[in-house]
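The structure file work-v4.pdb is reproduced below (PDB, C-alpha atoms, pLDDT in the B column).
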```pdb
ATOM      1  CA  MET B 386       0.000   0.000   0.000  1.00 90.00           C
ATOM      2  CA  THR B 387       1.263   3.473  -0.815  1.00 92.00           C
ATOM      3  CA  LEU B 388       1.243   6.476   1.490  1.00 94.00           C
ATOM      4  CA  SER B 389      -1.553   8.106  -0.514  1.00 96.00           C
ATOM      5  CA  GLU B 390      -3.687   4.962  -0.326  1.00 95.00           C
ATOM      6  CA  ASN B 391      -3.090   4.695   3.402  1.00 96.00           C
ATOM      7  CA  VAL B 392      -3.918   8.352   4.031  1.00 96.00           C
ATOM      8  CA  LEU B 393      -7.240   7.897   2.225  1.00 97.00           C
ATOM      9  CA  LYS B 394      -7.982   4.630   4.055  1.00 97.00           C
ATOM     10  CA  LEU B 395      -7.240   6.135   7.472  1.00 97.00           C
ATOM     11  CA  ARG B 396      -9.382   9.186   6.808  1.00 97.00           C
ATOM     12  CA  LEU B 397     -12.339   7.044   5.761  1.00 97.00           C
ATOM     13  CA  GLU B 398     -11.890   4.636   8.692  1.00 97.00           C
ATOM     14  CA  HIS B 399     -12.053   7.599  11.068  1.00 97.00           C
ATOM     15  CA  GLY B 400     -15.098   9.060   9.343  1.00 98.00           C
ATOM     16  CA  LEU B 401     -13.394  12.351   8.530  1.00 98.00           C
ATOM     17  CA  THR B 402     -13.812  14.643   5.555  1.00 98.00           C
ATOM     18  CA  GLN B 403     -10.881  15.981   3.582  1.00 98.00           C
ATOM     19  CA  GLU B 404     -11.770  19.423   4.873  1.00 98.00           C
ATOM     20  CA  ALA B 405     -11.665  18.267   8.505  1.00 98.00           C
ATOM     21  CA  VAL B 406      -8.259  16.630   8.095  1.00 98.00           C
ATOM     22  CA  ALA B 407      -6.819  19.638   6.265  1.00 98.00           C
ATOM     23  CA  LYS B 408      -8.052  21.925   9.044  1.00 97.00           C
ATOM     24  CA  GLU B 409      -6.612  19.641  11.748  1.00 96.00           C
ATOM     25  CA  LEU B 410      -3.249  19.571   9.938  1.00 97.00           C
ATOM     26  CA  ASN B 411      -3.381  23.346   9.379  1.00 97.00           C
ATOM     27  CA  ILE B 412      -2.911  22.971   5.616  1.00 97.00           C
ATOM     28  CA  SER B 413      -5.015  23.877   2.598  1.00 97.00           C
ATOM     29  CA  LEU B 414      -7.690  21.538   1.331  1.00 98.00           C
ATOM     30  CA  ARG B 415      -5.934  21.395  -2.048  1.00 98.00           C
ATOM     31  CA  GLY B 416      -2.674  20.462  -0.338  1.00 97.00           C
ATOM     32  CA  TYR B 417      -4.332  17.615   1.502  1.00 98.00           C
ATOM     33  CA  GLN B 418      -6.091  16.417  -1.639  1.00 98.00           C
ATOM     34  CA  ASN B 419      -2.698  16.255  -3.367  1.00 98.00           C
ATOM     35  CA  TYR B 420      -1.486  13.891  -0.635  1.00 97.00           C
ATOM     36  CA  GLU B 421      -4.430  11.549  -1.171  1.00 96.00           C
ATOM     37  CA  ARG B 422      -3.898  11.626  -4.931  1.00 97.00           C
ATOM     38  CA  GLY B 423      -0.196  10.911  -4.576  1.00 95.00           C
ATOM     39  CA  VAL B 424       0.693  14.127  -6.389  1.00 96.00           C
ATOM     40  CA  ARG B 425       2.755  15.416  -3.462  1.00 96.00           C
ATOM     41  CA  THR B 426       4.421  13.877  -0.448  1.00 95.00           C
ATOM     42  CA  PRO B 427       3.898  15.582   2.920  1.00 96.00           C
ATOM     43  CA  LEU B 428       6.852  17.117   4.709  1.00 96.00           C
ATOM     44  CA  LEU B 429       7.961  15.552   7.982  1.00 96.00           C
ATOM     45  CA  PRO B 430       6.030  17.928  10.286  1.00 96.00           C
ATOM     46  CA  THR B 431       2.827  17.124   8.390  1.00 97.00           C
ATOM     47  CA  LEU B 432       3.552  13.387   8.510  1.00 97.00           C
ATOM     48  CA  ILE B 433       4.026  13.648  12.274  1.00 97.00           C
ATOM     49  CA  ALA B 434       0.755  15.550  12.620  1.00 97.00           C
ATOM     50  CA  MET B 435      -1.048  12.890  10.544  1.00 97.00           C
ATOM     51  CA  ALA B 436       0.392  10.080  12.644  1.00 97.00           C
ATOM     52  CA  ASP B 437      -0.691  11.912  15.801  1.00 97.00           C
ATOM     53  CA  LEU B 438      -4.159  12.532  14.378  1.00 97.00           C
ATOM     54  CA  TYR B 439      -4.681   8.821  13.743  1.00 97.00           C
ATOM     55  CA  ASP B 440      -2.712   7.727  16.839  1.00 97.00           C
ATOM     56  CA  ILE B 441      -0.298   5.563  14.846  1.00 96.00           C
ATOM     57  CA  SER B 442       3.456   5.480  14.322  1.00 94.00           C
ATOM     58  CA  LEU B 443       5.184   7.115  11.375  1.00 94.00           C
ATOM     59  CA  ASP B 444       6.159   3.633  10.170  1.00 92.00           C
ATOM     60  CA  GLU B 445       2.502   2.615  10.124  1.00 93.00           C
ATOM     61  CA  LEU B 446       1.518   5.814   8.349  1.00 95.00           C
ATOM     62  CA  VAL B 447       4.040   5.389   5.547  1.00 92.00           C
ATOM     63  CA  CYS B 448       3.485   1.617   5.340  1.00 86.00           C
ATOM     64  CA  ARG B 449       7.088   0.863   6.236  1.00 83.00           C
ATOM     65  CA  GLU B 450       8.033  -2.668   7.040  1.00 76.00           C
ATOM     66  CA  ARG B 451      11.245  -3.224   8.907  1.00 69.00           C
ATOM     67  CA  PRO B 452      13.749  -5.425   7.110  1.00 69.00           C
ATOM     68  CA  GLN B 453      14.578  -8.749   8.718  1.00 71.00           C
ATOM     69  CA  HIS B 454      18.094  -8.858  10.138  1.00 69.00           C
ATOM     70  CA  LYS B 455      20.154 -11.978   9.493  1.00 64.00           C
TER      71      LYS B 455
END
```
Any chance you could put this one into structure tokens?
Amino acid sequence: MTLSENVLKLRLEHGLTQEAVAKELNISLRGYQNYERGVRTPLLPTLIAMADLYDISLDELVCRERPQHK
């Protein structure tokens, strides 16, 4: 799953509108829509705010899986 797919999924799971998330993140609606479309990637402060909003880790937000160490 990509970041944009996960951002959309999380928003829908939490029953939020794009407008509500943009307001919570203190960004423009258009800016947020670009994240969901995969047109732009959020900067670190916005990623942190998103993770806090959904009460998840940054790794979970960006769909990062830790590599297995040998």
Selection under test: the PyMOL selection byres ((chain B and resi 421) around 12); residues as number ranges by chain: B: 387-397, 402-403, 406-407, 414-420, 422-427
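You can rank B:Ser413, B:Glu450, B:Leu428, B:Tyr439 by their closest distance to Gly400 (chain B) using all atoms listed in the file, and at the top of that list sits B:Tyr439.
Going from CA of Arg449 (chain B) over to CA of Met435 (chain B), you cover 15.1 Å.
Of the residues under consideration (B:Leu432, B:Met386, B:Ala405, B:His399), B:Met386 shows the shortest atom-to-atom contact distance to Cys448 (chain B) when counting only C-alpha atoms.
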